[in-house]
Amino acid sequence: MNMHVNALELDSLAHEAKTPGVEQTDLATLVKHQEWVEANTRLDEVYQRFNSLDQDFCAVKDGAEVVGLCSKGHTGFLMGHRYGFAIYSHHPVREHVVERPLLIRHGTPVREVLQKALSRQGKEFNEDVILIGQEGEYLGIIPVPALVRLQSALVEEKFRMQEALHQRLLVVSRKAGMAEVATGILHNVGNVLNSVNVSATLAVDHARQSKISSLEKAVALLHEHRENLADYLSNDPKGKLLSEYLTQLAARLKSEQAKQITELDSLIKHIGHIKNIVAMQQNYAKVSGLLEPVPAAELVHDALELNAESFTRHGIEIERQFEDVPNVIVDKHKVLQIMINLLRNGKYALTAGGGRHKRLVVGVLNNGEKRVKIVVQDNGVGIAPENLERIFAHGFTTKKDGHGFGLHSSALAAKEMGGSLHAHSDGLGKGATFILELPIEQTEPNKPTGAKI
Amino acid sequence: MNKFVSEKNRRLLVVDDNPTIHQDFRKILELAPFADDGLDDLETVFQGVSRPNDRDGFEIDSAFQGVEGLNKVLDALKAGQPYALAFVDMRMPPGWDGVETIAQLWQADPRLQIVICTAYSDYSWDQIIQQLGNRDNLAVLKKPFDNVEVLQLAEALTRKWLLTQELQHRQASWAVARQPAPAVLVPVGG
């Protein structure tokens, strides 16, 4: 179910990514001017025109049709004003328009316009673009700087979208990890709840069937005969039995009480158990973002605990190799997220491998002076050499129902904390090792910190 | 009554990997009467009513893995004291799961009534039926369960075990009685 929600979330993200604001820019708003000249206009007239305008390019029209673009620079060169004479001044401008002018039809997607304009090279790249209407009618000139600004806005927007997408993927991937944990918790709490239910029901049953009301009646009898109590107790057929009855009743009430205490005790014990399960979960429910010194072994231990149910269920043997290491400086929530990811991947690699002996080695080891490394090693399906780098890429997965951002976000999270995440495998069928390196406390480098498990 | 009435069978087997669940079943199903202290007779004198008859208790055996459950069922058959009913948990790592266990138990004793107990199922009902077939001696109990559910399932299914035994005995005896008749039986009203 959780995966289903994730898929929806991803769909909506993908949808958003496809419809950013810049791409919807109306091309007409980019038009700087609508200057044009007739195709038959003499070059010297066009040159004068350019001199009176503050434009570098203008369109050339033959009737309604746009036949080209002419530039101030080219016209000026032809007019030969540098040399004091002009050979071509009588030529119509039609003969000297820019070759392959870029005509863009209004309504063309921005991305396509940019692609066409910016893929042109050399001299052509510096030419303005002519915007024409649906019927080919001239609408105006879009200068190159406007296109460049558009392009950079687009890039910026894309970058921002990816950033947002990444942030949300982190959240989704965290949810996916938590769902795994939640399943284990459901099972554990569910079992304990069963005993809670039984004990509570029994306690109520005992209370309902209590002999308290019998005591009430016996006391009422005593009260009824209070005037001649001695006679009643020694001579009345019922009265003679009353003392014995009260004695028996007292004994019964006492054993009733004992039973109830037993049930209530077991109730309290079971509720305490549920409290512990919930407390461990709560410890990680909040996102802190805070880097703090934490015993690495404790984090790894907790991650293993949270997955313990699932490991047992899949018959996976866990071997712990915990060295004495200094505290790591991390966001413990992030590390837990990474560990859950790695353990889950390990579990997947082992179950997919179908091997008889499923073994996961989890180690917390010293790694030089500045780091601690946490190693998760499985003897499962292994990783093909060509995939070793790709497994960290966003969207890469070999799982049937995978989403491909578990390792990606894990590697990023490790980096954010000043650590790293690497993978090693000798190939398919040869198992895999993931190494998470985390920075350690630097203040008192020589003080060893005992890590409790 | 007639000679085909089988003996009452209130022998149950609980197969679950979780020891506290066994305790739960025992608390609900086993009678834990107060010591016979003569209070009940005195109650009759003083309250004028006799205590309503208590139900009979059940005899409960425990197995913590599927294989152990199967062995208990086989031993019980050998001893001529089969179980009437088994409560089987769905998840029992590391051994057989519930479905596998049930298949094995039925292979040993097809008469056995079985209740699957599940908190979180790895199987859908369809998958269970696909693997075990659509049987009339299979019931489902969801954890966390209620005491009365367990009690009533145990009462009803042990009774059903008994009735099924009687029915089979009778059918067997009719077949013997009719032996001289033609080999082909014509259904009544057929």
# chains A, B, ... in the order shown; residues from 1 in each chain; ligands from 1

call {"tool": "interface_residues", "arguments": {"of": "chain A", "to": "chain B", "cutoff": "8 Å", "atoms": "only C-alpha atoms", "output": "JSON list (two decimals) with N, CA and C atoms, in the first residue's frame"}}
result
[["chain", "number", "residue", "atom", "x", "y", "z"],
["A", 186, "LEU", "N", 4.04, -3.70, 13.93],
["A", 186, "LEU", "CA", 2.66, -4.18, 13.93],
["A", 186, "LEU", "C", 2.59, -5.61, 14.41],
["A", 187, "HIS", "N", 3.50, -6.43, 13.90],
["A", 187, "HIS", "CA", 3.49, -7.84, 14.27],
["A", 187, "HIS", "C", 3.78, -8.01, 15.76],
["A", 190, "GLY", "N", 1.01, -6.47, 17.83],
["A", 190, "GLY", "CA", -0.18, -7.30, 17.62],
["A", 190, "GLY", "C", -0.18, -8.50, 18.54],
["A", 191, "ASN", "N", 0.97, -9.17, 18.62],
["A", 191, "ASN", "CA", 1.08, -10.35, 19.48],
["A", 191, "ASN", "C", 0.88, -9.99, 20.95],
["A", 193, "LEU", "N", -0.62, -7.41, 22.12],
["A", 193, "LEU", "CA", -1.99, -6.96, 22.30],
["A", 193, "LEU", "C", -2.92, -8.14, 22.55],
["A", 194, "ASN", "N", -2.61, -9.26, 21.93],
["A", 194, "ASN", "CA", -3.41, -10.46, 22.12],
["A", 194, "ASN", "C", -3.43, -10.85, 23.60],
["A", 195, "SER", "N", -2.24, -10.86, 24.20],
["A", 195, "SER", "CA", -2.15, -11.23, 25.61],
["A", 195, "SER", "C", -2.83, -10.19, 26.48],
["A", 197, "ASN", "N", -5.38, -8.43, 25.70],
["A", 197, "ASN", "CA", -6.81, -8.66, 25.54],
["A", 197, "ASN", "C", -7.28, -9.82, 26.42],
["A", 198, "VAL", "N", -6.53, -10.92, 26.37],
["A", 198, "VAL", "CA", -6.90, -12.10, 27.14],
["A", 198, "VAL", "C", -6.88, -11.78, 28.63],
["A", 199, "SER", "N", -5.81, -11.15, 29.08],
["A", 199, "SER", "CA", -5.68, -10.85, 30.51],
["A", 199, "SER", "C", -6.78, -9.90, 30.97],
["A", 201, "THR", "N", -9.76, -9.41, 29.66],
["A", 201, "THR", "CA", -11.06, -10.09, 29.67],
["A", 201, "THR", "C", -11.18, -11.00, 30.89],
["A", 202, "LEU", "N", -10.11, -11.74, 31.18],
["A", 202, "LEU", "CA", -10.14, -12.65, 32.33],
["A", 202, "LEU", "C", -10.31, -11.87, 33.63],
["A", 214, "SER", "N", -22.05, -12.91, 47.81],
["A", 214, "SER", "CA", -22.34, -13.92, 48.83],
["A", 214, "SER", "C", -21.98, -13.38, 50.22],
["A", 217, "LYS", "N", -24.64, -11.18, 51.48],
["A", 217, "LYS", "CA", -25.80, -11.88, 52.03],
["A", 217, "LYS", "C", -25.52, -12.45, 53.42],
["A", 218, "ALA", "N", -24.34, -13.02, 53.59],
["A", 218, "ALA", "CA", -23.98, -13.60, 54.88],
["A", 218, "ALA", "C", -23.98, -12.52, 55.96],
["A", 238, "LYS", "N", -29.22, -23.08, 59.75],
["A", 238, "LYS", "CA", -28.37, -22.28, 58.86],
["A", 238, "LYS", "C", -27.25, -21.62, 59.65],
["A", 241, "LEU", "N", -24.06, -23.26, 60.34],
["A", 241, "LEU", "CA", -23.11, -23.37, 59.22],
["A", 241, "LEU", "C", -22.42, -22.04, 58.87],
["A", 245, "TYR", "N", -19.22, -21.14, 56.61],
["A", 245, "TYR", "CA", -19.47, -20.48, 55.32],
["A", 245, "TYR", "C", -18.58, -19.24, 55.16],
["A", 248, "GLN", "N", -14.99, -20.22, 54.54],
["A", 248, "GLN", "CA", -14.79, -20.65, 53.15],
["A", 248, "GLN", "C", -14.81, -19.46, 52.20],
["A", 249, "LEU", "N", -15.75, -18.55, 52.46],
["A", 249, "LEU", "CA", -15.92, -17.38, 51.61],
["A", 249, "LEU", "C", -14.65, -16.52, 51.62],
["A", 252, "ARG", "N", -12.09, -18.13, 49.56],
["A", 252, "ARG", "CA", -12.37, -18.00, 48.14],
["A", 252, "ARG", "C", -12.05, -16.59, 47.63],
["A", 255, "SER", "N", -8.41, -16.17, 47.14],
["A", 255, "SER", "CA", -7.84, -16.75, 45.93],
["A", 255, "SER", "C", -8.34, -16.02, 44.68],
["A", 312, "THR", "N", 14.39, -12.57, 11.07],
["A", 312, "THR", "CA", 14.02, -13.88, 11.58],
["A", 312, "THR", "C", 13.06, -14.55, 10.60],
["A", 313, "ARG", "N", 12.12, -13.76, 10.13],
["A", 313, "ARG", "CA", 11.10, -14.30, 9.24],
["A", 313, "ARG", "C", 11.74, -14.88, 7.98],
["A", 314, "HIS", "N", 12.80, -14.23, 7.50],
["A", 314, "HIS", "CA", 13.43, -14.70, 6.27],
["A", 314, "HIS", "C", 14.58, -15.66, 6.56],
["A", 315, "GLY", "N", 14.74, -16.05, 7.82],
["A", 315, "GLY", "CA", 15.79, -17.00, 8.17],
["A", 315, "GLY", "C", 17.19, -16.47, 7.89]]

call {"tool": "residues_around", "arguments": {"residues": "stretch 59-61 of chain B", "least_positions_apart": "5", "cutoff": "10 Å", "atoms": "only C-alpha atoms", "output": "NGL selection string"}}
result
:B and (9-15 or 22 or 25-26 or 29-31 or 69 or 72 or 83 or 85-86)

call {"tool": "write_last_selection", "arguments": {"atoms": "N, CA and C atoms", "output": "mmCIF file, in the first residue's frame"}}
result
data_model
loop_
_atom_site.group_PDB
_atom_site.id
_atom_site.type_symbol
_atom_site.label_atom_id
_atom_site.label_comp_id
_atom_site.auth_asym_id
_atom_site.auth_seq_id
_atom_site.Cartn_x
_atom_site.Cartn_y
_atom_site.Cartn_z
ATOM 1 N N ASN B 9 -14.031 -35.935 22.467
ATOM 2 C CA ASN B 9 -12.610 -35.650 22.284
ATOM 3 C C ASN B 9 -12.383 -34.159 22.479
ATOM 4 N N ARG B 10 -11.768 -33.809 23.582
ATOM 5 C CA ARG B 10 -11.494 -32.389 23.848
ATOM 6 C C ARG B 10 -9.996 -32.143 23.914
ATOM 7 N N ARG B 11 -9.286 -32.932 23.094
ATOM 8 C CA ARG B 11 -7.836 -32.752 23.044
ATOM 9 C C ARG B 11 -7.464 -31.738 21.958
ATOM 10 N N LEU B 12 -6.740 -30.687 22.368
ATOM 11 C CA LEU B 12 -6.367 -29.620 21.434
ATOM 12 C C LEU B 12 -4.854 -29.519 21.315
ATOM 13 N N LEU B 13 -4.412 -29.030 20.156
ATOM 14 C CA LEU B 13 -2.992 -28.762 19.961
ATOM 15 C C LEU B 13 -2.838 -27.299 19.537
ATOM 16 N N VAL B 14 -1.950 -26.575 20.222
ATOM 17 C CA VAL B 14 -1.656 -25.198 19.822
ATOM 18 C C VAL B 14 -0.265 -25.175 19.205
ATOM 19 N N VAL B 15 -0.161 -24.709 17.945
ATOM 20 C CA VAL B 15 1.146 -24.601 17.285
ATOM 21 C C VAL B 15 1.423 -23.117 17.046
ATOM 22 N N HIS B 22 0.618 -19.290 23.789
ATOM 23 C CA HIS B 22 0.220 -20.566 24.404
ATOM 24 C C HIS B 22 -0.442 -20.314 25.747
ATOM 25 N N PHE B 25 -3.994 -19.150 25.246
ATOM 26 C CA PHE B 25 -4.931 -20.229 24.953
ATOM 27 C C PHE B 25 -5.278 -21.022 26.218
ATOM 28 N N ARG B 26 -4.238 -21.292 26.999
ATOM 29 C CA ARG B 26 -4.477 -22.082 28.206
ATOM 30 C C ARG B 26 -5.374 -21.342 29.179
ATOM 31 N N LEU B 29 -8.946 -21.608 27.759
ATOM 32 C CA LEU B 29 -9.588 -22.898 27.514
ATOM 33 C C LEU B 29 -9.495 -23.891 28.676
ATOM 34 N N GLU B 30 -8.384 -23.836 29.415
ATOM 35 C CA GLU B 30 -8.270 -24.803 30.501
ATOM 36 C C GLU B 30 -9.100 -24.322 31.669
ATOM 37 N N LEU B 31 -9.790 -25.242 32.332
ATOM 38 C CA LEU B 31 -10.520 -24.834 33.518
ATOM 39 C C LEU B 31 -9.513 -24.705 34.640
ATOM 40 N N GLY B 69 4.741 -29.837 15.874
ATOM 41 C CA GLY B 69 3.293 -30.039 15.816
ATOM 42 C C GLY B 69 2.948 -31.343 15.115
ATOM 43 N N LYS B 72 3.678 -34.324 17.242
ATOM 44 C CA LYS B 72 2.675 -34.516 18.298
ATOM 45 C C LYS B 72 1.427 -35.187 17.724
ATOM 46 N N TYR B 83 -5.928 -35.727 18.229
ATOM 47 C CA TYR B 83 -6.436 -34.402 18.579
ATOM 48 C C TYR B 83 -7.699 -34.134 17.771
ATOM 49 N N LEU B 85 -8.727 -30.836 17.476
ATOM 50 C CA LEU B 85 -8.594 -29.485 16.935
ATOM 51 C C LEU B 85 -7.170 -28.962 17.132
ATOM 52 N N ALA B 86 -6.684 -28.232 16.117
ATOM 53 C CA ALA B 86 -5.379 -27.573 16.263
ATOM 54 C C ALA B 86 -5.519 -26.091 15.940
#

call {"tool": "residues_around", "arguments": {"residues": "A:Ile271", "least_positions_apart": "5", "cutoff": "10 Å", "atoms": "only C-alpha atoms", "output": "list of chain:residue names"}}
result
A:Val189, A:Val192, A:Leu193, A:Ser195, A:Val196, A:Asp265, A:Ser266, A:Asn276, A:Ile277

call {"tool": "select_by_dssp", "arguments": {"residues": "chain B", "states": "strand (DSSP E)", "output": "PyMOL selection string"}}
result
chain B and resi 11-15+59-63+85-89+113-118+138-142

call {"tool": "atom_distance", "arguments": {"atom1": "atom CA of A:Arg208", "atom2": "atom CA of A:Lys259"}}
result
13.0 Å

call {"tool": "select_by_dssp", "arguments": {"residues": "stretch 190-336 of chain A", "states": "alpha helix (DSSP H)", "output": "JSON, numbers by chain"}}
result
{"A": [190, 191, 192, 193, 194, 195, 196, 197, 198, 199, 200, 201, 202, 203, 204, 205, 206, 207, 208, 212, 213, 214, 215, 216, 217, 218, 219, 220, 221, 222, 223, 224, 229, 230, 231, 232, 233, 234, 235, 237, 238, 239, 240, 241, 242, 243, 244, 245, 246, 247, 248, 249, 250, 251, 252, 253, 254, 255, 256, 257, 258, 259, 260, 261, 262, 263, 264, 265, 266, 267, 268, 269, 270, 271, 272, 273, 274, 275, 276, 277, 278, 279, 280, 281, 282, 296, 297, 298, 299, 300, 301, 302, 303, 304, 305, 306, 307, 308, 309, 310, 311, 312, 313, 332, 333, 334, 335, 336]}

call {"tool": "residues_around", "arguments": {"residues": "A:Glu35", "least_positions_apart": "2", "cutoff": "7 Å", "atoms": "only C-alpha atoms", "output": "mmCIF file with C-alpha atoms, in the first residue's frame"}}
result
data_model
loop_
_atom_site.group_PDB
_atom_site.id
_atom_site.type_symbol
_atom_site.label_atom_id
_atom_site.label_comp_id
_atom_site.auth_asym_id
_atom_site.auth_seq_id
_atom_site.Cartn_x
_atom_site.Cartn_y
_atom_site.Cartn_z
ATOM 1 C CA HIS A 33 10.612 45.803 -32.158
ATOM 2 C CA CYS A 58 15.279 44.233 -39.165
ATOM 3 C CA ALA A 59 13.024 41.955 -41.157
#

call {"tool": "closest_residue", "arguments": {"among": "A:Asp236, A:Asp331, A:Glu263, A:Glu389", "to": "A:Leu291", "atoms": "only C-alpha atoms"}}
result
A:Asp331

call {"tool": "residues_around", "arguments": {"residues": "stretch 124-136 of chain B", "least_positions_apart": "5", "cutoff": "9 Å", "atoms": "only C-alpha atoms", "output": "MDAnalysis selection string"}}
result
chainID B and resid 99:100 102:103 113
